file work-v2.txt (compact mmCIF, N, CA and C atoms)
# COMPACT_ATOMS: atom_id res chain seq x y z
N MET A 22 154.18 112.85 26.68
CA MET A 22 152.99 112.20 26.14
C MET A 22 153.29 110.73 25.84
N ARG A 23 154.36 110.50 25.07
CA ARG A 23 154.70 109.15 24.67
C ARG A 23 154.90 108.26 25.90
N HIS A 24 155.67 108.76 26.86
CA HIS A 24 155.97 107.98 28.05
C HIS A 24 154.69 107.62 28.81
N SER A 25 153.81 108.58 28.97
CA SER A 25 152.56 108.32 29.71
C SER A 25 151.69 107.29 29.01
N ILE A 26 151.54 107.43 27.69
CA ILE A 26 150.74 106.45 26.94
C ILE A 26 151.38 105.08 27.06
N TRP A 27 152.69 105.02 26.84
CA TRP A 27 153.44 103.75 26.88
C TRP A 27 153.29 103.07 28.23
N GLU A 28 153.42 103.87 29.29
CA GLU A 28 153.37 103.33 30.65
C GLU A 28 151.98 102.85 31.07
N HIS A 29 150.95 103.60 30.72
CA HIS A 29 149.61 103.32 31.23
C HIS A 29 148.75 102.43 30.34
N VAL A 30 148.99 102.46 29.04
CA VAL A 30 148.13 101.70 28.12
C VAL A 30 149.00 100.88 27.17
N PRO A 31 149.44 99.71 27.62
CA PRO A 31 150.34 98.89 26.79
C PRO A 31 149.75 98.51 25.43
N GLU A 32 148.43 98.48 25.33
CA GLU A 32 147.79 98.16 24.05
C GLU A 32 148.13 99.19 22.98
N ALA A 33 148.55 100.37 23.39
CA ALA A 33 148.87 101.44 22.44
C ALA A 33 150.30 101.35 21.91
N ARG A 34 151.13 100.55 22.52
CA ARG A 34 152.55 100.50 22.15
C ARG A 34 152.80 100.22 20.67
N PRO A 35 152.12 99.26 20.06
CA PRO A 35 152.38 99.04 18.62
C PRO A 35 152.05 100.26 17.76
N PHE A 36 151.03 100.99 18.14
CA PHE A 36 150.62 102.18 17.38
C PHE A 36 151.61 103.32 17.59
N VAL A 37 152.11 103.45 18.81
CA VAL A 37 153.12 104.45 19.11
C VAL A 37 154.39 104.16 18.31
N THR A 38 154.81 102.91 18.33
CA THR A 38 156.00 102.50 17.59
C THR A 38 155.84 102.75 16.10
N GLU A 39 154.67 102.45 15.58
CA GLU A 39 154.38 102.68 14.15
C GLU A 39 154.44 104.17 13.81
N LEU A 40 153.86 105.01 14.65
CA LEU A 40 153.91 106.46 14.41
C LEU A 40 155.35 106.96 14.39
N GLU A 41 156.14 106.47 15.32
CA GLU A 41 157.54 106.90 15.39
C GLU A 41 158.31 106.44 14.15
N ALA A 42 158.05 105.24 13.70
CA ALA A 42 158.72 104.72 12.50
C ALA A 42 158.32 105.54 11.28
N GLU A 43 157.05 105.88 11.17
CA GLU A 43 156.57 106.71 10.06
C GLU A 43 157.24 108.08 10.07
N GLU A 44 157.34 108.67 11.25
CA GLU A 44 157.96 110.00 11.36
C GLU A 44 159.44 109.94 11.00
N LEU A 45 160.10 108.89 11.43
CA LEU A 45 161.52 108.70 11.11
C LEU A 45 161.70 108.60 9.59
N GLU A 46 160.80 107.87 8.95
CA GLU A 46 160.86 107.72 7.49
C GLU A 46 160.58 109.04 6.79
N LEU A 47 159.55 109.76 7.26
CA LEU A 47 159.17 111.03 6.64
C LEU A 47 160.27 112.09 6.76
N THR A 48 161.07 112.00 7.82
CA THR A 48 162.12 112.99 8.03
C THR A 48 163.49 112.46 7.63
N ASN A 49 163.50 111.36 6.88
CA ASN A 49 164.76 110.74 6.43
C ASN A 49 165.72 110.49 7.60
N GLY A 50 165.15 109.99 8.69
CA GLY A 50 165.95 109.65 9.86
C GLY A 50 166.27 110.81 10.77
N GLY A 51 165.70 111.96 10.49
CA GLY A 51 166.00 113.15 11.28
C GLY A 51 165.27 113.26 12.60
N CYS A 52 164.10 112.65 12.67
CA CYS A 52 163.28 112.79 13.88
C CYS A 52 162.28 111.64 13.96
N SER A 53 162.09 111.13 15.18
CA SER A 53 161.11 110.05 15.34
C SER A 53 159.92 110.49 16.18
N ASP A 54 159.83 111.78 16.51
CA ASP A 54 158.75 112.28 17.35
C ASP A 54 157.62 112.85 16.49
N PRO A 55 156.47 112.18 16.46
CA PRO A 55 155.35 112.68 15.64
C PRO A 55 154.61 113.86 16.26
N GLY A 56 154.92 114.23 17.48
CA GLY A 56 154.25 115.34 18.15
C GLY A 56 153.11 114.86 19.04
N MET A 57 152.75 115.70 19.99
CA MET A 57 151.74 115.32 20.99
C MET A 57 150.38 115.03 20.39
N TYR A 58 149.93 115.87 19.47
CA TYR A 58 148.59 115.70 18.92
C TYR A 58 148.46 114.38 18.17
N SER A 59 149.44 114.09 17.33
CA SER A 59 149.41 112.83 16.59
C SER A 59 149.55 111.64 17.53
N MET A 60 150.43 111.78 18.52
CA MET A 60 150.65 110.68 19.46
C MET A 60 149.36 110.34 20.20
N LEU A 61 148.68 111.36 20.72
CA LEU A 61 147.45 111.08 21.47
C LEU A 61 146.34 110.58 20.55
N SER A 62 146.19 111.20 19.39
CA SER A 62 145.11 110.82 18.48
C SER A 62 145.32 109.46 17.84
N TYR A 63 146.49 109.28 17.21
CA TYR A 63 146.73 108.09 16.39
C TYR A 63 147.51 107.00 17.11
N GLY A 64 148.01 107.32 18.30
CA GLY A 64 148.68 106.31 19.10
C GLY A 64 147.80 105.79 20.22
N PHE A 65 146.70 106.53 20.51
CA PHE A 65 145.85 106.13 21.63
C PHE A 65 144.35 106.22 21.32
N VAL A 66 143.83 107.41 21.06
CA VAL A 66 142.37 107.60 20.96
C VAL A 66 141.75 106.74 19.88
N HIS A 67 142.20 106.88 18.64
CA HIS A 67 141.55 106.17 17.53
C HIS A 67 141.82 104.67 17.51
N PRO A 68 143.06 104.22 17.73
CA PRO A 68 143.28 102.78 17.63
C PRO A 68 142.98 101.99 18.89
N VAL A 69 142.96 102.63 20.07
CA VAL A 69 142.83 101.87 21.31
C VAL A 69 141.63 102.30 22.15
N PHE A 70 141.55 103.58 22.49
CA PHE A 70 140.53 104.05 23.42
C PHE A 70 139.11 103.92 22.87
N ARG A 71 138.89 104.48 21.70
CA ARG A 71 137.53 104.41 21.14
C ARG A 71 137.08 102.96 20.89
N PRO A 72 137.92 102.11 20.27
CA PRO A 72 137.49 100.71 20.10
C PRO A 72 137.21 100.01 21.43
N ALA A 73 137.99 100.33 22.46
CA ALA A 73 137.73 99.72 23.78
C ALA A 73 136.37 100.14 24.31
N LEU A 74 136.01 101.39 24.12
CA LEU A 74 134.68 101.85 24.54
C LEU A 74 133.58 101.20 23.72
N GLU A 75 133.79 101.11 22.43
CA GLU A 75 132.77 100.51 21.56
C GLU A 75 132.54 99.04 21.88
N LYS A 76 133.61 98.34 22.26
CA LYS A 76 133.52 96.90 22.56
C LYS A 76 133.41 96.63 24.05
N LEU A 77 133.42 97.69 24.85
CA LEU A 77 133.35 97.59 26.31
C LEU A 77 134.45 96.68 26.87
N VAL A 78 135.68 96.96 26.52
CA VAL A 78 136.84 96.23 27.03
C VAL A 78 137.28 96.92 28.33
N GLU A 79 136.74 96.42 29.43
CA GLU A 79 136.87 97.10 30.71
C GLU A 79 138.32 97.34 31.14
N ALA A 80 139.19 96.39 31.00
CA ALA A 80 140.58 96.56 31.44
C ALA A 80 141.25 97.72 30.70
N VAL A 81 141.01 97.83 29.43
CA VAL A 81 141.60 98.92 28.63
C VAL A 81 140.96 100.25 29.01
N ILE A 82 139.68 100.24 29.26
CA ILE A 82 138.99 101.47 29.66
C ILE A 82 139.54 101.96 31.00
N VAL A 83 139.76 101.07 31.93
CA VAL A 83 140.30 101.44 33.25
C VAL A 83 141.69 102.05 33.10
N ARG A 84 142.55 101.40 32.31
CA ARG A 84 143.91 101.94 32.09
C ARG A 84 143.85 103.27 31.36
N SER A 85 142.93 103.40 30.44
CA SER A 85 142.78 104.65 29.70
C SER A 85 142.33 105.78 30.63
N ALA A 86 141.43 105.46 31.53
CA ALA A 86 140.96 106.47 32.50
C ALA A 86 142.12 106.94 33.37
N ARG A 87 143.00 106.03 33.76
CA ARG A 87 144.18 106.42 34.55
C ARG A 87 145.09 107.33 33.74
N LEU A 88 145.31 106.98 32.48
CA LEU A 88 146.14 107.81 31.61
C LEU A 88 145.56 109.21 31.50
N ILE A 89 144.28 109.32 31.27
CA ILE A 89 143.63 110.61 31.11
C ILE A 89 143.78 111.45 32.38
N GLU A 90 143.62 110.83 33.53
CA GLU A 90 143.80 111.54 34.80
C GLU A 90 145.23 112.05 34.95
N VAL A 91 146.20 111.22 34.58
CA VAL A 91 147.60 111.64 34.65
C VAL A 91 147.85 112.84 33.75
N LEU A 92 147.34 112.78 32.53
CA LEU A 92 147.54 113.87 31.59
C LEU A 92 146.86 115.15 32.07
N LEU A 93 145.63 115.04 32.56
CA LEU A 93 144.93 116.22 33.06
C LEU A 93 145.59 116.76 34.33
N GLY A 94 146.25 115.92 35.08
CA GLY A 94 146.92 116.34 36.31
C GLY A 94 148.36 116.78 36.10
N SER A 95 148.79 116.83 34.85
CA SER A 95 150.18 117.17 34.54
C SER A 95 150.53 118.62 34.90
N GLY A 96 149.53 119.47 34.96
CA GLY A 96 149.78 120.88 35.23
C GLY A 96 150.28 121.64 34.01
N ARG A 97 150.39 120.97 32.90
CA ARG A 97 150.88 121.60 31.66
C ARG A 97 149.68 122.04 30.81
N PRO A 98 149.50 123.33 30.63
CA PRO A 98 148.34 123.82 29.87
C PRO A 98 148.21 123.20 28.48
N GLN A 99 149.31 123.01 27.77
CA GLN A 99 149.25 122.41 26.43
C GLN A 99 148.71 120.99 26.48
N VAL A 100 149.10 120.24 27.48
CA VAL A 100 148.64 118.85 27.61
C VAL A 100 147.16 118.82 27.97
N ILE A 101 146.76 119.67 28.88
CA ILE A 101 145.35 119.73 29.29
C ILE A 101 144.47 120.13 28.11
N GLU A 102 144.92 121.12 27.35
CA GLU A 102 144.17 121.54 26.16
C GLU A 102 144.09 120.41 25.13
N LEU A 103 145.18 119.69 24.98
CA LEU A 103 145.22 118.56 24.05
C LEU A 103 144.20 117.49 24.46
N VAL A 104 144.15 117.15 25.73
CA VAL A 104 143.17 116.17 26.21
C VAL A 104 141.76 116.69 25.96
N SER A 105 141.56 117.96 26.21
CA SER A 105 140.25 118.56 25.99
C SER A 105 139.82 118.42 24.53
N ILE A 106 140.73 118.71 23.63
CA ILE A 106 140.41 118.67 22.20
C ILE A 106 140.29 117.24 21.67
N ARG A 107 141.21 116.37 22.06
CA ARG A 107 141.27 115.03 21.47
C ARG A 107 140.46 113.97 22.22
N VAL A 108 140.32 114.12 23.52
CA VAL A 108 139.62 113.09 24.30
C VAL A 108 138.23 113.57 24.72
N THR A 109 138.17 114.69 25.42
CA THR A 109 136.88 115.16 25.92
C THR A 109 135.90 115.42 24.79
N ASP A 110 136.37 116.10 23.75
CA ASP A 110 135.47 116.39 22.64
C ASP A 110 135.01 115.11 21.93
N GLN A 111 135.87 114.12 21.87
CA GLN A 111 135.49 112.83 21.28
C GLN A 111 134.38 112.19 22.13
N LEU A 112 134.55 112.23 23.43
CA LEU A 112 133.56 111.62 24.33
C LEU A 112 132.23 112.37 24.32
N LEU A 113 132.30 113.68 24.43
CA LEU A 113 131.06 114.46 24.50
C LEU A 113 130.38 114.59 23.14
N GLY A 114 131.16 114.50 22.08
CA GLY A 114 130.60 114.57 20.74
C GLY A 114 129.82 113.32 20.36
N PHE A 115 130.09 112.24 21.06
CA PHE A 115 129.39 110.98 20.85
C PHE A 115 128.85 110.53 22.21
N PRO A 116 127.65 110.98 22.57
CA PRO A 116 127.11 110.73 23.91
C PRO A 116 127.15 109.28 24.36
N GLU A 117 127.01 108.35 23.41
CA GLU A 117 127.07 106.93 23.80
C GLU A 117 128.46 106.56 24.33
N LEU A 118 129.50 107.22 23.82
CA LEU A 118 130.85 106.96 24.33
C LEU A 118 131.01 107.50 25.74
N TRP A 119 130.51 108.72 25.98
CA TRP A 119 130.60 109.28 27.32
C TRP A 119 129.80 108.42 28.30
N GLU A 120 128.64 107.95 27.87
CA GLU A 120 127.83 107.08 28.72
C GLU A 120 128.62 105.85 29.15
N ARG A 121 129.34 105.26 28.22
CA ARG A 121 130.13 104.06 28.52
C ARG A 121 131.34 104.37 29.39
N PHE A 122 131.89 105.58 29.24
CA PHE A 122 133.12 105.92 29.94
C PHE A 122 132.90 106.58 31.29
N SER A 123 131.82 107.29 31.45
CA SER A 123 131.63 108.18 32.61
C SER A 123 131.82 107.49 33.96
N SER A 124 131.42 106.25 34.09
CA SER A 124 131.58 105.58 35.38
C SER A 124 133.04 105.24 35.68
N TYR A 125 133.91 105.29 34.68
CA TYR A 125 135.34 105.03 34.86
C TYR A 125 136.14 106.31 35.01
N ALA A 126 135.55 107.42 34.62
CA ALA A 126 136.25 108.70 34.62
C ALA A 126 136.64 109.11 36.02
N GLY A 127 137.85 109.62 36.13
CA GLY A 127 138.33 110.14 37.41
C GLY A 127 137.82 111.55 37.64
N PRO A 128 138.15 112.13 38.79
CA PRO A 128 137.64 113.45 39.14
C PRO A 128 138.07 114.56 38.17
N ARG A 129 139.28 114.50 37.67
CA ARG A 129 139.72 115.53 36.72
C ARG A 129 138.94 115.45 35.41
N MET A 130 138.72 114.22 34.95
CA MET A 130 137.97 114.05 33.69
C MET A 130 136.52 114.45 33.87
N ARG A 131 135.94 114.15 35.01
CA ARG A 131 134.55 114.54 35.26
C ARG A 131 134.41 116.07 35.26
N LEU A 132 135.38 116.74 35.90
CA LEU A 132 135.36 118.20 35.91
C LEU A 132 135.56 118.74 34.50
N GLU A 133 136.52 118.18 33.78
CA GLU A 133 136.78 118.59 32.39
C GLU A 133 135.51 118.43 31.54
N ALA A 134 134.83 117.31 31.68
CA ALA A 134 133.61 117.06 30.91
C ALA A 134 132.52 118.06 31.29
N GLU A 135 132.41 118.36 32.56
CA GLU A 135 131.40 119.31 33.00
C GLU A 135 131.66 120.70 32.43
N LEU A 136 132.93 121.10 32.41
CA LEU A 136 133.29 122.40 31.87
C LEU A 136 133.06 122.48 30.36
N ARG A 137 133.30 121.39 29.66
CA ARG A 137 133.17 121.37 28.20
C ARG A 137 131.75 121.08 27.73
N ARG A 138 130.94 120.51 28.61
CA ARG A 138 129.59 120.09 28.23
C ARG A 138 128.74 121.24 27.68
N GLU A 139 129.02 122.46 28.12
CA GLU A 139 128.22 123.60 27.64
C GLU A 139 128.30 123.76 26.13
N TYR A 140 129.36 123.29 25.51
CA TYR A 140 129.50 123.37 24.07
C TYR A 140 128.69 122.30 23.33
N TYR A 141 128.12 121.38 24.07
CA TYR A 141 127.39 120.26 23.45
C TYR A 141 125.92 120.28 23.81
N ARG A 142 125.41 121.36 24.32
CA ARG A 142 123.99 121.44 24.68
C ARG A 142 123.18 121.96 23.54
call {"tool": "encode", "arguments": {"input": "work-v2.txt", "output": "structure tokens"}}
result
Amino acid sequence: MRHSIWEHVPEARPFVTELEAEELELTNGGCSDPGMYSMLSYGFVHPVFRPALEKLVEAVIVRSARLIEVLLGSGRPQVIELVSIRVTDQLLGFPELWERFSSYAGPRMRLEAELRREYYR
């Protein structure tokens, strides 16, 4: 998760680093990994992805769409479920966000949104 976010969305790097520092402090230096859910939510979705959609920052939206496609294409059920819970539900729960993002969404995200949309009707 960390590697993919770091590689695809450089705007998230300060937030990722901050999460790792917080985790290191909380564990008295024992661990710097905040976990996948925290990493995706607080290292990407809330500080970078959602604000980019709200402000229509196209370059960040494009990179975010690539990241989401990579995560959905990982073949790892836990990662796909995580994207579904943290990204897809955020987009479909706020229709204006999906409206802004849908034209950038790749084929995996479009399929994911179609499958999850039944919960938002």
call {"tool": "closest_atom_pairs", "arguments": {"input": "work-v2.txt", "of": "segment 35-104 of chain A", "to": "segment 109-131 of chain A", "cutoff": "7 Å", "atoms": "all atoms listed in the file", "output": "JSON lines"}}
result
{"residue": "A:Leu74", "atom": "CA", "partner": "A:Leu118", "partner_atom": "CA", "distance": 6.4}
{"residue": "A:Glu75", "atom": "N", "partner": "A:Leu118", "partner_atom": "CA", "distance": 6.8}
{"residue": "A:Ile82", "atom": "C", "partner": "A:Tyr125", "partner_atom": "CA", "distance": 6.5}
{"residue": "A:Val83", "atom": "CA", "partner": "A:Tyr125", "partner_atom": "CA", "distance": 6.3}
{"residue": "A:Ala86", "atom": "CA", "partner": "A:Tyr125", "partner_atom": "C", "distance": 5.4}
{"residue": "A:Arg87", "atom": "N", "partner": "A:Gly127", "partner_atom": "N", "distance": 6.7}
{"residue": "A:Ile89", "atom": "C", "partner": "A:Met130", "partner_atom": "N", "distance": 6.3}
{"residue": "A:Glu90", "atom": "CA", "partner": "A:Met130", "partner_atom": "N", "distance": 5.7}
{"residue": "A:Leu93", "atom": "CA", "partner": "A:Arg129", "partner_atom": "CA", "distance": 6.4}
{"residue": "A:Gly94", "atom": "N", "partner": "A:Arg129", "partner_atom": "CA", "distance": 6.7}
{"residue": "A:Leu103", "atom": "C", "partner": "A:Thr109", "partner_atom": "N", "distance": 6.7}
{"residue": "A:Val104", "atom": "C", "partner": "A:Thr109", "partner_atom": "N", "distance": 4.1}
call {"tool": "closest_residue", "arguments": {"input": "work-v2.txt", "among": "A:Tyr58, A:Gly64, A:Pro72, A:Ile106", "to": "Glu39 of chain A", "atoms": "only N, CA and C atoms"}}
result
A:Gly64
call {"tool": "closest_residue", "arguments": {"input": "work-v2.txt", "among": "A:Arg137, A:Glu46, A:Ser95, A:Val66", "to": "Ala33 of chain A", "atoms": "only N, CA and C atoms"}}
result
A:Val66
call {"tool": "residues_around", "arguments": {"input": "work-v2.txt", "residues": "Glu44 of chain A", "least_positions_apart": "5", "cutoff": "8 Å", "atoms": "only C-alpha atoms", "output": "list in words"}}
result
Cys52, Ser53, Asp54 and Pro55 of chain A
call {"tool": "axis_aligned_box", "arguments": {"input": "work-v2.txt", "around": "segment 50-59 of chain A", "padding_each_side": "8 Å", "output": "lines of an AutoDock Vina configuration file"}}
result
center_x = 157.4
center_y = 112.8
center_z = 14.8
size_x = 33.8
size_y = 22.2
size_z = 28.3
call {"tool": "closest_residue", "arguments": {"input": "work-v2.txt", "among": "A:Leu47, A:Val37, A:Ser105, A:Phe65", "to": "Arg84 of chain A", "atoms": "only C-alpha atoms"}}
result
A:Phe65
call {"tool": "atom_distance", "arguments": {"input": "work-v2.txt", "atom1": "atom C of Met22 of chain A", "atom2": "atom CA of Arg71 of chain A"}}
result
17.6 Å
call {"tool": "closest_residue", "arguments": {"input": "work-v2.txt", "among": "A:Leu132, A:Val91, A:Met57, A:Val78", "to": "Arg23 of chain A", "atoms": "all atoms listed in the file"}}
result
A:Met57
call {"tool": "atom_distance", "arguments": {"input": "work-v2.txt", "atom1": "atom C of Ser25 of chain A", "atom2": "atom CA of Glu133 of chain A"}}
result
19.0 Å
call {"tool": "select_by_dssp", "arguments": {"input": "work-v2.txt", "residues": "chain A", "states": "alpha helix (DSSP H)", "output": "ChimeraX atom specification"}}
result
/A:23-29,34-47,57-61,71-76,79-93,98-104,110-114,116-122,128-137
call {"tool": "atom_distance", "arguments": {"input": "work-v2.txt", "atom1": "atom CA of Glu79 of chain A", "atom2": "atom CA of Arg107 of chain A"}}
result
20.6 Å
call {"tool": "decode", "arguments": {"input": "work-v2.txt", "residues": "segment 97-118 of chain A", "atoms": "N, CA, C and O atoms", "output": "compact mmCIF listing (two decimals), in the first residue's frame"}}
result
# COMPACT_ATOMS: atom_id res chain seq x y z
N ARG A 97 -5.18 -8.89 -4.85
CA ARG A 97 -5.23 -9.18 -3.41
C ARG A 97 -6.62 -8.81 -2.87
O ARG A 97 -6.97 -7.63 -2.84
N PRO A 98 -7.38 -9.79 -2.43
CA PRO A 98 -8.74 -9.51 -1.95
C PRO A 98 -8.80 -8.44 -0.85
O PRO A 98 -9.71 -7.62 -0.85
N GLN A 99 -7.85 -8.45 0.07
CA GLN A 99 -7.85 -7.44 1.15
C GLN A 99 -7.68 -6.04 0.60
O GLN A 99 -8.30 -5.10 1.09
N VAL A 100 -6.83 -5.89 -0.41
CA VAL A 100 -6.59 -4.56 -1.00
C VAL A 100 -7.82 -4.11 -1.77
O VAL A 100 -8.24 -2.95 -1.66
N ILE A 101 -8.41 -5.00 -2.52
CA ILE A 101 -9.61 -4.66 -3.29
C ILE A 101 -10.75 -4.26 -2.36
O ILE A 101 -11.45 -3.27 -2.59
N GLU A 102 -10.92 -5.01 -1.28
CA GLU A 102 -11.96 -4.68 -0.29
C GLU A 102 -11.68 -3.33 0.35
O GLU A 102 -12.59 -2.52 0.57
N LEU A 103 -10.42 -3.06 0.64
CA LEU A 103 -10.02 -1.79 1.22
C LEU A 103 -10.37 -0.63 0.29
O LEU A 103 -10.94 0.38 0.73
N VAL A 104 -10.07 -0.76 -0.98
CA VAL A 104 -10.41 0.29 -1.96
C VAL A 104 -11.92 0.46 -2.01
O VAL A 104 -12.42 1.58 -2.05
N SER A 105 -12.63 -0.64 -1.98
CA SER A 105 -14.08 -0.58 -2.01
C SER A 105 -14.63 0.21 -0.83
O SER A 105 -15.49 1.08 -0.98
N ILE A 106 -14.10 -0.07 0.34
CA ILE A 106 -14.59 0.58 1.57
C ILE A 106 -14.13 2.03 1.67
O ILE A 106 -14.91 2.91 2.03
N ARG A 107 -12.87 2.30 1.36
CA ARG A 107 -12.30 3.63 1.59
C ARG A 107 -12.42 4.59 0.41
O ARG A 107 -12.54 5.79 0.60
N VAL A 108 -12.41 4.06 -0.81
CA VAL A 108 -12.44 4.94 -1.99
C VAL A 108 -13.81 4.91 -2.66
O VAL A 108 -14.44 5.95 -2.79
N THR A 109 -14.25 3.73 -3.04
CA THR A 109 -15.52 3.63 -3.77
C THR A 109 -16.68 4.17 -2.95
O THR A 109 -17.49 4.95 -3.45
N ASP A 110 -16.74 3.78 -1.68
CA ASP A 110 -17.83 4.26 -0.84
C ASP A 110 -17.77 5.77 -0.64
O ASP A 110 -18.80 6.43 -0.54
N GLN A 111 -16.58 6.32 -0.58
CA GLN A 111 -16.42 7.78 -0.46
C GLN A 111 -16.97 8.45 -1.73
O GLN A 111 -17.72 9.41 -1.65
N LEU A 112 -16.64 7.90 -2.87
CA LEU A 112 -17.09 8.48 -4.14
C LEU A 112 -18.60 8.34 -4.33
O LEU A 112 -19.27 9.30 -4.71
N LEU A 113 -19.12 7.16 -4.09
CA LEU A 113 -20.54 6.94 -4.33
C LEU A 113 -21.41 7.55 -3.23
O LEU A 113 -22.57 7.89 -3.47
N GLY A 114 -20.85 7.70 -2.05
CA GLY A 114 -21.58 8.32 -0.96
C GLY A 114 -21.77 9.82 -1.14
O GLY A 114 -22.64 10.44 -0.53
N PHE A 115 -20.93 10.40 -1.98
CA PHE A 115 -21.01 11.82 -2.30
C PHE A 115 -21.07 11.94 -3.82
O PHE A 115 -20.04 12.04 -4.49
N PRO A 116 -22.27 11.88 -4.40
CA PRO A 116 -22.42 11.83 -5.85
C PRO A 116 -21.66 12.91 -6.61
O PRO A 116 -21.18 12.67 -7.72
N GLU A 117 -21.51 14.09 -6.01
CA GLU A 117 -20.76 15.14 -6.70
C GLU A 117 -19.29 14.75 -6.87
O GLU A 117 -18.66 15.14 -7.85
N LEU A 118 -18.76 13.97 -5.94
CA LEU A 118 -17.37 13.50 -6.07
C LEU A 118 -17.25 12.49 -7.20
O LEU A 118 -16.31 12.53 -7.99
